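This report refers to the structure that appears directly beneath it.
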Amino acid sequence: MSTQTPNTDAESDSPQAERMERKAERDDEARAKAGTDADERQITLKVFRYDPEIPDKQEPRFDTFEVPFEPGITVLDALIYARDTYDSSLTFRHSCRQAVCGSDALFINGSQRLGCQTQVADLDDSETVRVEPLPHRDVVKDLVVDMDHFYDQMESVEPYFSPTEEPDGEQLQSRENREKIKMSTRCIWCGACMSSCNIAAGDNEYLGPAAINKAYRFYFDDREDEQRQQERLEIIEQEHGVWRCQTQFSCTTVCPKDIPLTEHIQELKREAVKQNLKFW
Ligand code: SF4
Ligand code: FES
């Protein structure tokens, strides 16, 4: 039986050791390259600041931070660098860092985007990155906005599966029906669409694109019955529901999950007309 001792000459000649060595060399090269790039290029991060609890920070302003550029750096990475390096009071939300939790929707270079999904190199002006809180929301502190109203609108469409009668057993969904609602299920509740919507900005009661999309998700789910579908339609076509949408497409443009929001709203409008047609 042979025994193996770490770091022997014999081991360093093995194919696995050679592979590890080559990998270490490649990693060193990548680190050196990133370091060189960082030396050569800085990102100027301009960040909105506001803190109602500190007297000399109550006046909104922008702070500027220099952040080293690295290949693949996202706006969220840059914010984290600025917070950890320069100012630990810089406040913003984030969690998953992979476009799943929806917590870091921000106004970046004039557009609603997720910080973790936005690579600095992909911005039109990647030298200066301007980061602001989502427009049309009250600012709690720095980049953190109050999401209560958005969540209220989402809740108002009853965003849960709720057939009138409890099913006898497992309810299978057809492949076709799953395809029909697939995109609408992708919402991560980030609020970017609502923030981009001119109608929502002028009408606080408007359900808004995310809530209507959520309504679409359940309205077209075949596993709910007709009575429930009718109740859902009544919510959707209320005074501040689908008919407020003016088809401006801003929500569809900013949605980080590529949900065809305007299309869904239009489809629900058609559905409302269809369901209310009466023939005498
Ligand atoms: S519909 Fe898109 S933009 Fe709107 S909350 Fe959901 S994921 Fe965000
Ligand atoms: S940190 Fe979760 S979506 Fe960006």
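Just remember, in the structure tokens the first chain shown is A, the second B, etc., residues are 1-based per chain, and ligands are 1-based in the order shown.
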
Select the residues contacting ligand 2 at a distance of at most 12 Å, based on only C-alpha atoms and all ligand atoms, then format the selection as a PDB file with all heavy atoms, in the first residue's frame.
ATOM      1  N   THR A  74     -19.947  45.510 -10.765  1.00  0.00           N
ATOM      2  CA  THR A  74     -21.326  45.999 -10.900  1.00  0.00           C
ATOM      3  C   THR A  74     -21.484  47.288 -10.092  1.00  0.00           C
ATOM      4  O   THR A  74     -20.628  47.621  -9.258  1.00  0.00           O
ATOM      5  CB  THR A  74     -22.335  44.965 -10.361  1.00  0.00           C
ATOM      6  OG1 THR A  74     -22.118  44.808  -8.956  1.00  0.00           O
ATOM      7  CG2 THR A  74     -22.192  43.621 -11.062  1.00  0.00           C
ATOM      8  N   VAL A  75     -22.598  47.949 -10.325  1.00  0.00           N
ATOM      9  CA  VAL A  75     -22.851  49.182  -9.570  1.00  0.00           C
ATOM     10  C   VAL A  75     -22.974  48.845  -8.079  1.00  0.00           C
ATOM     11  O   VAL A  75     -22.490  49.591  -7.221  1.00  0.00           O
ATOM     12  CB  VAL A  75     -24.121  49.880 -10.105  1.00  0.00           C
ATOM     13  CG1 VAL A  75     -24.506  51.068  -9.226  1.00  0.00           C
ATOM     14  CG2 VAL A  75     -23.895  50.340 -11.538  1.00  0.00           C
ATOM     15  N   LEU A  76     -23.581  47.695  -7.780  1.00  0.00           N
ATOM     16  CA  LEU A  76     -23.680  47.304  -6.370  1.00  0.00           C
ATOM     17  C   LEU A  76     -22.275  47.070  -5.784  1.00  0.00           C
ATOM     18  O   LEU A  76     -21.993  47.490  -4.658  1.00  0.00           O
ATOM     19  CB  LEU A  76     -24.543  46.049  -6.215  1.00  0.00           C
ATOM     20  CG  LEU A  76     -24.687  45.538  -4.777  1.00  0.00           C
ATOM     21  CD1 LEU A  76     -25.347  46.578  -3.876  1.00  0.00           C
ATOM     22  CD2 LEU A  76     -25.497  44.239  -4.735  1.00  0.00           C
ATOM     23  N   ASP A  77     -21.399  46.416  -6.542  1.00  0.00           N
ATOM     24  CA  ASP A  77     -20.014  46.227  -6.066  1.00  0.00           C
ATOM     25  C   ASP A  77     -19.376  47.585  -5.754  1.00  0.00           C
ATOM     26  O   ASP A  77     -18.686  47.742  -4.744  1.00  0.00           O
ATOM     27  CB  ASP A  77     -19.146  45.535  -7.138  1.00  0.00           C
ATOM     28  CG  ASP A  77     -19.578  44.102  -7.400  1.00  0.00           C
ATOM     29  OD1 ASP A  77     -20.120  43.470  -6.487  1.00  0.00           O
ATOM     30  OD2 ASP A  77     -19.354  43.617  -8.534  1.00  0.00           O
ATOM     31  N   LEU A  79     -20.843  50.391  -4.992  1.00  0.00           N
ATOM     32  CA  LEU A  79     -21.434  50.987  -3.778  1.00  0.00           C
ATOM     33  C   LEU A  79     -20.856  50.333  -2.521  1.00  0.00           C
ATOM     34  O   LEU A  79     -20.551  51.010  -1.530  1.00  0.00           O
ATOM     35  CB  LEU A  79     -22.953  50.804  -3.790  1.00  0.00           C
ATOM     36  CG  LEU A  79     -23.751  51.719  -4.722  1.00  0.00           C
ATOM     37  CD1 LEU A  79     -25.195  51.250  -4.814  1.00  0.00           C
ATOM     38  CD2 LEU A  79     -23.685  53.175  -4.239  1.00  0.00           C
ATOM     39  N   ILE A  80     -20.722  49.017  -2.570  1.00  0.00           N
ATOM     40  CA  ILE A  80     -20.189  48.304  -1.401  1.00  0.00           C
ATOM     41  C   ILE A  80     -18.737  48.746  -1.144  1.00  0.00           C
ATOM     42  O   ILE A  80     -18.340  48.985   0.008  1.00  0.00           O
ATOM     43  CB  ILE A  80     -20.284  46.771  -1.610  1.00  0.00           C
ATOM     44  CG1 ILE A  80     -21.759  46.347  -1.571  1.00  0.00           C
ATOM     45  CG2 ILE A  80     -19.490  46.016  -0.552  1.00  0.00           C
ATOM     46  CD1 ILE A  80     -22.023  44.903  -1.972  1.00  0.00           C
ATOM     47  N   PHE A  92     -27.867  51.556   1.633  1.00  0.00           N
ATOM     48  CA  PHE A  92     -28.609  51.026   0.487  1.00  0.00           C
ATOM     49  C   PHE A  92     -29.005  49.592   0.814  1.00  0.00           C
ATOM     50  O   PHE A  92     -28.416  48.957   1.673  1.00  0.00           O
ATOM     51  CB  PHE A  92     -27.763  51.068  -0.799  1.00  0.00           C
ATOM     52  CG  PHE A  92     -26.365  50.545  -0.635  1.00  0.00           C
ATOM     53  CD1 PHE A  92     -26.068  49.228  -0.921  1.00  0.00           C
ATOM     54  CD2 PHE A  92     -25.343  51.368  -0.187  1.00  0.00           C
ATOM     55  CE1 PHE A  92     -24.773  48.733  -0.775  1.00  0.00           C
ATOM     56  CE2 PHE A  92     -24.046  50.885  -0.024  1.00  0.00           C
ATOM     57  CZ  PHE A  92     -23.758  49.573  -0.316  1.00  0.00           C
ATOM     58  N   ARG A  93     -30.023  49.103   0.090  1.00  0.00           N
ATOM     59  CA  ARG A  93     -30.471  47.725   0.327  1.00  0.00           C
ATOM     60  C   ARG A  93     -29.810  46.787  -0.685  1.00  0.00           C
ATOM     61  O   ARG A  93     -29.644  47.135  -1.854  1.00  0.00           O
ATOM     62  CB  ARG A  93     -31.983  47.608   0.136  1.00  0.00           C
ATOM     63  CG  ARG A  93     -32.822  48.311   1.179  1.00  0.00           C
ATOM     64  CD  ARG A  93     -34.279  47.867   1.011  1.00  0.00           C
ATOM     65  NE  ARG A  93     -35.151  48.510   1.965  1.00  0.00           N
ATOM     66  CZ  ARG A  93     -36.013  49.468   1.670  1.00  0.00           C
ATOM     67  NH1 ARG A  93     -36.132  49.906   0.427  1.00  0.00           N
ATOM     68  NH2 ARG A  93     -36.780  50.000   2.604  1.00  0.00           N
ATOM     69  N   HIS A  94     -29.497  45.600  -0.240  1.00  0.00           N
ATOM     70  CA  HIS A  94     -29.097  44.543  -1.162  1.00  0.00           C
ATOM     71  C   HIS A  94     -29.121  43.234  -0.395  1.00  0.00           C
ATOM     72  O   HIS A  94     -29.107  43.210   0.831  1.00  0.00           O
ATOM     73  CB  HIS A  94     -27.702  44.783  -1.753  1.00  0.00           C
ATOM     74  CG  HIS A  94     -26.575  44.654  -0.760  1.00  0.00           C
ATOM     75  ND1 HIS A  94     -25.871  43.480  -0.607  1.00  0.00           N
ATOM     76  CD2 HIS A  94     -26.050  45.525   0.114  1.00  0.00           C
ATOM     77  CE1 HIS A  94     -24.941  43.657   0.317  1.00  0.00           C
ATOM     78  NE2 HIS A  94     -25.034  44.893   0.779  1.00  0.00           N
ATOM     79  N   SER A  95     -29.167  42.125  -1.147  1.00  0.00           N
ATOM     80  CA  SER A  95     -29.140  40.831  -0.475  1.00  0.00           C
ATOM     81  C   SER A  95     -28.520  39.771  -1.381  1.00  0.00           C
ATOM     82  O   SER A  95     -27.374  39.402  -1.230  1.00  0.00           O
ATOM     83  CB  SER A  95     -30.559  40.434  -0.045  1.00  0.00           C
ATOM     84  OG  SER A  95     -30.528  39.193   0.598  1.00  0.00           O
ATOM     85  N   CYS A  96     -29.294  39.289  -2.379  1.00  0.00           N
ATOM     86  CA  CYS A  96     -28.851  38.103  -3.136  1.00  0.00           C
ATOM     87  C   CYS A  96     -27.668  38.356  -4.051  1.00  0.00           C
ATOM     88  O   CYS A  96     -26.891  37.468  -4.332  1.00  0.00           O
ATOM     89  CB  CYS A  96     -30.017  37.573  -3.968  1.00  0.00           C
ATOM     90  SG  CYS A  96     -30.478  38.682  -5.332  1.00  0.00           S
ATOM     91  N   ARG A  97     -27.539  39.548  -4.594  1.00  0.00           N
ATOM     92  CA  ARG A  97     -26.501  39.929  -5.566  1.00  0.00           C
ATOM     93  C   ARG A  97     -26.609  39.138  -6.864  1.00  0.00           C
ATOM     94  O   ARG A  97     -25.629  38.991  -7.574  1.00  0.00           O
ATOM     95  CB  ARG A  97     -25.100  39.798  -4.958  1.00  0.00           C
ATOM     96  CG  ARG A  97     -24.943  40.690  -3.737  1.00  0.00           C
ATOM     97  CD  ARG A  97     -23.612  40.573  -3.098  1.00  0.00           C
ATOM     98  NE  ARG A  97     -22.595  41.269  -3.881  1.00  0.00           N
ATOM     99  CZ  ARG A  97     -21.384  41.553  -3.409  1.00  0.00           C
ATOM    100  NH1 ARG A  97     -21.057  41.211  -2.187  1.00  0.00           N
ATOM    101  NH2 ARG A  97     -20.524  42.166  -4.155  1.00  0.00           N
ATOM    102  N   GLN A  98     -27.774  38.576  -7.155  1.00  0.00           N
ATOM    103  CA  GLN A  98     -27.927  37.871  -8.428  1.00  0.00           C
ATOM    104  C   GLN A  98     -29.327  38.052  -9.021  1.00  0.00           C
ATOM    105  O   GLN A  98     -29.903  37.115  -9.577  1.00  0.00           O
ATOM    106  CB  GLN A  98     -27.574  36.403  -8.275  1.00  0.00           C
ATOM    107  CG  GLN A  98     -28.213  35.725  -7.090  1.00  0.00           C
ATOM    108  CD  GLN A  98     -27.639  34.336  -6.869  1.00  0.00           C
ATOM    109  OE1 GLN A  98     -27.255  33.666  -7.814  1.00  0.00           O
ATOM    110  NE2 GLN A  98     -27.563  33.902  -5.637  1.00  0.00           N
ATOM    111  N   ALA A  99     -29.858  39.253  -8.878  1.00  0.00           N
ATOM    112  CA  ALA A  99     -31.137  39.612  -9.522  1.00  0.00           C
ATOM    113  C   ALA A  99     -32.286  38.700  -9.120  1.00  0.00           C
ATOM    114  O   ALA A  99     -33.128  38.348  -9.937  1.00  0.00           O
ATOM    115  CB  ALA A  99     -30.977  39.635 -11.046  1.00  0.00           C
ATOM    116  N   VAL A 100     -32.326  38.321  -7.860  1.00  0.00           N
ATOM    117  CA  VAL A 100     -33.394  37.442  -7.388  1.00  0.00           C
ATOM    118  C   VAL A 100     -34.236  38.089  -6.279  1.00  0.00           C
ATOM    119  O   VAL A 100     -35.453  37.951  -6.260  1.00  0.00           O
ATOM    120  CB  VAL A 100     -32.806  36.106  -6.879  1.00  0.00           C
ATOM    121  CG1 VAL A 100     -33.879  35.261  -6.217  1.00  0.00           C
ATOM    122  CG2 VAL A 100     -32.173  35.325  -8.023  1.00  0.00           C
ATOM    123  N   CYS A 101     -33.606  38.814  -5.378  1.00  0.00           N
ATOM    124  CA  CYS A 101     -34.362  39.320  -4.226  1.00  0.00           C
ATOM    125  C   CYS A 101     -35.103  40.627  -4.522  1.00  0.00           C
ATOM    126  O   CYS A 101     -36.051  40.965  -3.836  1.00  0.00           O
ATOM    127  CB  CYS A 101     -33.448  39.502  -3.024  1.00  0.00           C
ATOM    128  SG  CYS A 101     -32.313  40.903  -3.169  1.00  0.00           S
ATOM    129  N   GLY A 102     -34.659  41.372  -5.531  1.00  0.00           N
ATOM    130  CA  GLY A 102     -35.337  42.610  -5.911  1.00  0.00           C
ATOM    131  C   GLY A 102     -35.097  43.777  -4.969  1.00  0.00           C
ATOM    132  O   GLY A 102     -35.776  44.792  -5.053  1.00  0.00           O
ATOM    133  N   SER A 103     -34.140  43.673  -4.075  1.00  0.00           N
ATOM    134  CA  SER A 103     -33.997  44.726  -3.055  1.00  0.00           C
ATOM    135  C   SER A 103     -33.132  45.904  -3.484  1.00  0.00           C
ATOM    136  O   SER A 103     -33.152  46.935  -2.826  1.00  0.00           O
ATOM    137  CB  SER A 103     -33.435  44.122  -1.758  1.00  0.00           C
ATOM    138  OG  SER A 103     -32.154  43.595  -1.984  1.00  0.00           O
ATOM    139  N   ASP A 104     -32.364  45.779  -4.557  1.00  0.00           N
ATOM    140  CA  ASP A 104     -31.455  46.889  -4.885  1.00  0.00           C
ATOM    141  C   ASP A 104     -31.835  47.602  -6.180  1.00  0.00           C
ATOM    142  O   ASP A 104     -30.963  47.977  -6.976  1.00  0.00           O
ATOM    143  CB  ASP A 104     -29.994  46.412  -4.932  1.00  0.00           C
ATOM    144  CG  ASP A 104     -29.747  45.413  -6.048  1.00  0.00           C
ATOM    145  OD1 ASP A 104     -30.714  44.747  -6.466  1.00  0.00           O
ATOM    146  OD2 ASP A 104     -28.593  45.283  -6.500  1.00  0.00           O
ATOM    147  N   ALA A 105     -33.141  47.807  -6.390  1.00  0.00           N
ATOM    148  CA  ALA A 105     -33.552  48.632  -7.521  1.00  0.00           C
ATOM    149  C   ALA A 105     -33.178  50.079  -7.229  1.00  0.00           C
ATOM    150  O   ALA A 105     -33.489  50.604  -6.153  1.00  0.00           O
ATOM    151  CB  ALA A 105     -35.052  48.507  -7.749  1.00  0.00           C
ATOM    152  N   LEU A 106     -32.484  50.707  -8.172  1.00  0.00           N
ATOM    153  CA  LEU A 106     -31.959  52.052  -7.969  1.00  0.00           C
ATOM    154  C   LEU A 106     -32.153  52.857  -9.256  1.00  0.00           C
ATOM    155  O   LEU A 106     -32.476  52.287 -10.306  1.00  0.00           O
ATOM    156  CB  LEU A 106     -30.458  51.977  -7.633  1.00  0.00           C
ATOM    157  CG  LEU A 106     -30.101  51.273  -6.323  1.00  0.00           C
ATOM    158  CD1 LEU A 106     -28.635  50.854  -6.322  1.00  0.00           C
ATOM    159  CD2 LEU A 106     -30.411  52.174  -5.134  1.00  0.00           C
ATOM    160  N   ARG A 113     -32.784  50.443 -12.514  1.00  0.00           N
ATOM    161  CA  ARG A 113     -32.064  49.191 -12.763  1.00  0.00           C
ATOM    162  C   ARG A 113     -31.748  48.540 -11.426  1.00  0.00           C
ATOM    163  O   ARG A 113     -31.722  49.198 -10.393  1.00  0.00           O
ATOM    164  CB  ARG A 113     -30.706  49.432 -13.449  1.00  0.00           C
ATOM    165  CG  ARG A 113     -30.728  50.307 -14.677  1.00  0.00           C
ATOM    166  CD  ARG A 113     -29.294  50.683 -15.017  1.00  0.00           C
ATOM    167  NE  ARG A 113     -29.200  51.799 -15.920  1.00  0.00           N
ATOM    168  CZ  ARG A 113     -28.894  51.709 -17.213  1.00  0.00           C
ATOM    169  NH1 ARG A 113     -28.651  50.532 -17.746  1.00  0.00           N
ATOM    170  NH2 ARG A 113     -28.819  52.787 -17.966  1.00  0.00           N
ATOM    171  N   LEU A 114     -31.399  47.240 -11.483  1.00  0.00           N
ATOM    172  CA  LEU A 114     -30.884  46.572 -10.287  1.00  0.00           C
ATOM    173  C   LEU A 114     -29.385  46.845 -10.208  1.00  0.00           C
ATOM    174  O   LEU A 114     -28.657  46.631 -11.181  1.00  0.00           O
ATOM    175  CB  LEU A 114     -31.106  45.060 -10.368  1.00  0.00           C
ATOM    176  CG  LEU A 114     -32.541  44.543 -10.393  1.00  0.00           C
ATOM    177  CD1 LEU A 114     -32.540  43.019 -10.487  1.00  0.00           C
ATOM    178  CD2 LEU A 114     -33.307  44.994  -9.155  1.00  0.00           C
ATOM    179  N   GLY A 115     -28.911  47.242  -9.040  1.00  0.00           N
ATOM    180  CA  GLY A 115     -27.478  47.511  -8.883  1.00  0.00           C
ATOM    181  C   GLY A 115     -26.628  46.282  -9.158  1.00  0.00           C
ATOM    182  O   GLY A 115     -25.560  46.359  -9.772  1.00  0.00           O
ATOM    183  N   CYS A 116     -27.119  45.119  -8.718  1.00  0.00           N
ATOM    184  CA  CYS A 116     -26.314  43.893  -8.853  1.00  0.00           C
ATOM    185  C   CYS A 116     -26.301  43.360 -10.269  1.00  0.00           C
ATOM    186  O   CYS A 116     -25.457  42.551 -10.631  1.00  0.00           O
ATOM    187  CB  CYS A 116     -26.832  42.815  -7.908  1.00  0.00           C
ATOM    188  SG  CYS A 116     -28.509  42.264  -8.300  1.00  0.00           S
ATOM    189  N   GLN A 117     -27.260  43.814 -11.089  1.00  0.00           N
ATOM    190  CA  GLN A 117     -27.373  43.288 -12.459  1.00  0.00           C
ATOM    191  C   GLN A 117     -26.701  44.233 -13.455  1.00  0.00           C
ATOM    192  O   GLN A 117     -26.541  43.886 -14.622  1.00  0.00           O
ATOM    193  CB  GLN A 117     -28.862  43.140 -12.802  1.00  0.00           C
ATOM    194  CG  GLN A 117     -29.178  42.294 -14.004  1.00  0.00           C
ATOM    195  CD  GLN A 117     -30.666  42.307 -14.301  1.00  0.00           C
ATOM    196  OE1 GLN A 117     -31.332  43.343 -14.260  1.00  0.00           O
ATOM    197  NE2 GLN A 117     -31.214  41.160 -14.599  1.00  0.00           N
ATOM    198  N   THR A 118     -26.331  45.414 -12.978  1.00  0.00           N
ATOM    199  CA  THR A 118     -25.820  46.439 -13.883  1.00  0.00           C
ATOM    200  C   THR A 118     -24.299  46.493 -13.836  1.00  0.00           C
ATOM    201  O   THR A 118     -23.712  46.921 -12.834  1.00  0.00           O
ATOM    202  CB  THR A 118     -26.396  47.826 -13.497  1.00  0.00           C
ATOM    203  OG1 THR A 118     -27.809  47.720 -13.420  1.00  0.00           O
ATOM    204  CG2 THR A 118     -26.000  48.883 -14.499  1.00  0.00           C
ATOM    205  N   GLN A 119     -23.674  46.046 -14.897  1.00  0.00           N
ATOM    206  CA  GLN A 119     -22.216  46.138 -14.961  1.00  0.00           C
ATOM    207  C   GLN A 119     -21.848  47.577 -15.319  1.00  0.00           C
ATOM    208  O   GLN A 119     -22.422  48.159 -16.238  1.00  0.00           O
ATOM    209  CB  GLN A 119     -21.695  45.189 -16.032  1.00  0.00           C
ATOM    210  CG  GLN A 119     -21.927  43.738 -15.697  1.00  0.00           C
ATOM    211  CD  GLN A 119     -20.692  42.894 -15.913  1.00  0.00           C
ATOM    212  OE1 GLN A 119     -19.727  43.308 -16.538  1.00  0.00           O
ATOM    213  NE2 GLN A 119     -20.712  41.699 -15.372  1.00  0.00           N
ATOM    214  N   CYS A 187     -41.758  38.031 -11.633  1.00  0.00           N
ATOM    215  CA  CYS A 187     -41.610  39.298 -10.891  1.00  0.00           C
ATOM    216  C   CYS A 187     -40.893  39.094  -9.553  1.00  0.00           C
ATOM    217  O   CYS A 187     -41.196  38.167  -8.806  1.00  0.00           O
ATOM    218  CB  CYS A 187     -42.986  39.907 -10.646  1.00  0.00           C
ATOM    219  SG  CYS A 187     -42.925  41.420  -9.683  1.00  0.00           S
ATOM    220  N   ILE A 188     -39.943  39.974  -9.273  1.00  0.00           N
ATOM    221  CA  ILE A 188     -39.194  39.890  -8.013  1.00  0.00           C
ATOM    222  C   ILE A 188     -39.536  41.070  -7.077  1.00  0.00           C
ATOM    223  O   ILE A 188     -38.797  41.358  -6.140  1.00  0.00           O
ATOM    224  CB  ILE A 188     -37.670  39.830  -8.252  1.00  0.00           C
ATOM    225  CG1 ILE A 188     -37.204  41.016  -9.109  1.00  0.00           C
ATOM    226  CG2 ILE A 188     -37.280  38.501  -8.893  1.00  0.00           C
ATOM    227  CD1 ILE A 188     -35.692  41.126  -9.239  1.00  0.00           C
ATOM    228  N   TRP A 189     -40.632  41.754  -7.373  1.00  0.00           N
ATOM    229  CA  TRP A 189     -41.126  42.826  -6.493  1.00  0.00           C
ATOM    230  C   TRP A 189     -40.066  43.910  -6.261  1.00  0.00           C
ATOM    231  O   TRP A 189     -39.896  44.393  -5.136  1.00  0.00           O
ATOM    232  CB  TRP A 189     -41.586  42.255  -5.139  1.00  0.00           C
ATOM    233  CG  TRP A 189     -42.770  41.337  -5.187  1.00  0.00           C
ATOM    234  CD1 TRP A 189     -42.954  40.274  -6.021  1.00  0.00           C
ATOM    235  CD2 TRP A 189     -43.954  41.396  -4.380  1.00  0.00           C
ATOM    236  NE1 TRP A 189     -44.161  39.671  -5.776  1.00  0.00           N
ATOM    237  CE2 TRP A 189     -44.797  40.324  -4.768  1.00  0.00           C
ATOM    238  CE3 TRP A 189     -44.372  42.240  -3.348  1.00  0.00           C
ATOM    239  CZ2 TRP A 189     -46.037  40.090  -4.165  1.00  0.00           C
ATOM    240  CZ3 TRP A 189     -45.602  42.002  -2.745  1.00  0.00           C
ATOM    241  CH2 TRP A 189     -46.419  40.945  -3.157  1.00  0.00           C
ATOM    242  N   CYS A 190     -39.357  44.279  -7.296  1.00  0.00           N
ATOM    243  CA  CYS A 190     -38.303  45.286  -7.103  1.00  0.00           C
ATOM    244  C   CYS A 190     -38.858  46.708  -7.121  1.00  0.00           C
ATOM    245  O   CYS A 190     -38.249  47.629  -6.583  1.00  0.00           O
ATOM    246  CB  CYS A 190     -37.214  45.128  -8.161  1.00  0.00           C
ATOM    247  SG  CYS A 190     -37.748  45.560  -9.829  1.00  0.00           S
ATOM    248  N   GLY A 191     -40.002  46.901  -7.797  1.00  0.00           N
ATOM    249  CA  GLY A 191     -40.619  48.230  -7.837  1.00  0.00           C
ATOM    250  C   GLY A 191     -40.075  49.139  -8.924  1.00  0.00           C
ATOM    251  O   GLY A 191     -40.501  50.287  -9.032  1.00  0.00           O
ATOM    252  N   ALA A 192     -39.167  48.641  -9.762  1.00  0.00           N
ATOM    253  CA  ALA A 192     -38.587  49.487 -10.815  1.00  0.00           C
ATOM    254  C   ALA A 192     -39.662  49.981 -11.783  1.00  0.00           C
ATOM    255  O   ALA A 192     -39.688  51.150 -12.179  1.00  0.00           O
ATOM    256  CB  ALA A 192     -37.508  48.717 -11.569  1.00  0.00           C
ATOM    257  N   CYS A 255     -38.044  46.715 -16.691  1.00  0.00           N
ATOM    258  CA  CYS A 255     -38.180  45.483 -15.886  1.00  0.00           C
ATOM    259  C   CYS A 255     -36.926  44.601 -16.012  1.00  0.00           C
ATOM    260  O   CYS A 255     -36.579  44.162 -17.108  1.00  0.00           O
ATOM    261  CB  CYS A 255     -39.420  44.702 -16.321  1.00  0.00           C
ATOM    262  SG  CYS A 255     -39.566  43.136 -15.412  1.00  0.00           S
ATOM    263  N   PRO A 256     -36.252  44.314 -14.914  1.00  0.00           N
ATOM    264  CA  PRO A 256     -35.018  43.523 -14.984  1.00  0.00           C
ATOM    265  C   PRO A 256     -35.261  42.050 -15.292  1.00  0.00           C
ATOM    266  O   PRO A 256     -34.322  41.321 -15.575  1.00  0.00           O
ATOM    267  CB  PRO A 256     -34.425  43.682 -13.571  1.00  0.00           C
ATOM    268  CG  PRO A 256     -35.594  43.945 -12.693  1.00  0.00           C
ATOM    269  CD  PRO A 256     -36.569  44.730 -13.530  1.00  0.00           C
ATOM    270  N   LYS A 257     -36.518  41.625 -15.256  1.00  0.00           N
ATOM    271  CA  LYS A 257     -36.823  40.225 -15.565  1.00  0.00           C
ATOM    272  C   LYS A 257     -37.490  40.096 -16.938  1.00  0.00           C
ATOM    273  O   LYS A 257     -38.030  39.032 -17.274  1.00  0.00           O
ATOM    274  CB  LYS A 257     -37.730  39.612 -14.479  1.00  0.00           C
ATOM    275  CG  LYS A 257     -37.218  39.743 -13.064  1.00  0.00           C
ATOM    276  CD  LYS A 257     -35.797  39.266 -12.890  1.00  0.00           C
ATOM    277  CE  LYS A 257     -35.670  37.781 -12.760  1.00  0.00           C
ATOM    278  NZ  LYS A 257     -34.264  37.375 -12.435  1.00  0.00           N
TER     279      LYS A 257
END

Near-A:Phe62 list (9 Å; only C-alpha atoms; drop same-chain fewer than 3 positions) as a PyMOL selection string: chain A and resi 46-50+130+132

Show which residues sit within 12 Å of A:Ile54, as a tab-separated table (two decimals) with C-alpha atoms, in the first residue's frame. Count only C-alpha atoms, and ignore same-chain residues fewer than 5 positions away.
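Output file around_15.tsv follows:
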chain	number	residue	atom	x	y	z
A	49	ARG	CA	-27.17	61.33	0.22
A	59	GLU	CA	-30.21	68.74	2.99
A	60	PRO	CA	-30.09	66.29	0.03
A	89	SER	CA	-22.92	55.34	6.91
A	141	LYS	CA	-32.17	57.43	3.99
A	142	ASP	CA	-29.61	57.79	1.16

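Compared by their closest atoms to A:Arg223, and using only C-alpha atoms, the residues A:Glu263, A:Glu66, A:Glu40, A:Glu170 rank with A:Glu170 nearest.
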
Going by DSSP on the backbone, which residues of stretch 131-196 of chain A come out as helix (DSSP H, G or I)? List them as a list in words. Asp148, His149, Phe150, Tyr151, Asp152, Gln153, Met154, Glu155, Ser156, Arg175, Glu176, Asn177, Arg178, Glu179, Lys180, Ile181, Met183, Ser184, Thr185, Arg186, Ala192, Cys193, Met194, Ser195 and Ser196 of chain A

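Proximity of A:Arg83, A:Arg137, A:Lys180, A:Arg228 to A:Thr164, computed with only C-alpha atoms, is greatest for A:Arg228.
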
Please run DSSP on the backbone and report, as a ChimeraX atom specification, all residues within stretch 28-224 of chain A that come out as strand (DSSP E or B). /A:42-49,61-68,74,105-108,111-114,119,128-132,139-141,144-145

Selected residue, from A:Lys214, A:Arg232, A:Lys274, A:Arg175, that lies nearest to ligand 1 when counting only C-alpha atoms and all ligand atoms: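 Smallest distance to ligand 1 is found for A:Lys214.
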
Residues near stretch 198-206 of chain A, anyone? I mean within 7 Å using only C-alpha atoms, not counting same-chain ones fewer than 2 positions away, as a ChimeraX atom specification. /A:136,194,196,208,240-241,245

Selection file, N, CA and C atoms, as a CSV table (one decimal), in the first residue's frame:
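Listing of selection24.csv after writing:
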chain,number,residue,atom,x,y,z
A,136,HIS,N,-40.1,58.9,-7.4
A,136,HIS,CA,-41.6,58.8,-7.0
A,136,HIS,C,-41.8,57.9,-5.7
A,194,MET,N,-42.9,50.4,-11.4
A,194,MET,CA,-43.8,51.4,-10.7
A,194,MET,C,-43.1,52.7,-10.7
A,196,SER,N,-41.0,53.9,-12.7
A,196,SER,CA,-40.8,54.4,-14.0
A,196,SER,C,-42.1,54.9,-14.7
A,208,GLY,N,-50.8,50.0,-10.9
A,208,GLY,CA,-49.4,50.0,-11.3
A,208,GLY,C,-49.1,48.7,-12.0
A,240,HIS,N,-59.1,52.7,-10.8
A,240,HIS,CA,-57.6,53.0,-10.9
A,240,HIS,C,-56.8,51.7,-11.3
A,241,GLY,N,-57.5,50.9,-12.1
A,241,GLY,CA,-56.9,49.7,-12.6
A,241,GLY,C,-56.4,49.8,-14.0
A,245,CYS,N,-53.7,52.7,-17.6
A,245,CYS,CA,-52.4,52.6,-18.4
A,245,CYS,C,-52.6,53.3,-19.7

Would you kindly return, as a compact mmCIF listing (two decimals) with N, CA, C and O atoms, in the first residue's frame, each protein, DNA or RNA residue with an atom no farther than 8 Å from any atom of A:Glu237, considering only C-alpha atoms and excluding same-chain residues fewer than 4 positions away?
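The new file selection_37.txt reads:
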# COMPACT_ATOMS: atom_id res chain seq x y z
N LEU A 233 -61.22 39.92 -12.04
CA LEU A 233 -61.46 40.91 -13.10
C LEU A 233 -62.00 42.21 -12.50
O LEU A 233 -61.64 43.31 -12.93
N GLY A 241 -57.52 50.89 -12.10
CA GLY A 241 -56.90 49.65 -12.58
C GLY A 241 -56.37 49.78 -14.00
O GLY A 241 -55.81 50.81 -14.38
N VAL A 242 -56.59 48.72 -14.79
CA VAL A 242 -55.95 48.65 -16.11
C VAL A 242 -56.22 49.83 -17.03
O VAL A 242 -55.37 50.19 -17.85
N TRP A 243 -57.41 50.44 -16.89
CA TRP A 243 -57.76 51.50 -17.86
C TRP A 243 -56.92 52.75 -17.68
O TRP A 243 -56.92 53.64 -18.53
N LYS A 269 -56.95 44.34 -20.51
CA LYS A 269 -57.97 45.29 -20.99
C LYS A 269 -58.90 44.58 -21.97
O LYS A 269 -60.13 44.71 -21.90
N ALA A 272 -61.21 42.36 -20.16
CA ALA A 272 -62.29 43.08 -19.48
C ALA A 272 -63.39 43.43 -20.46
O ALA A 272 -64.58 43.28 -20.16
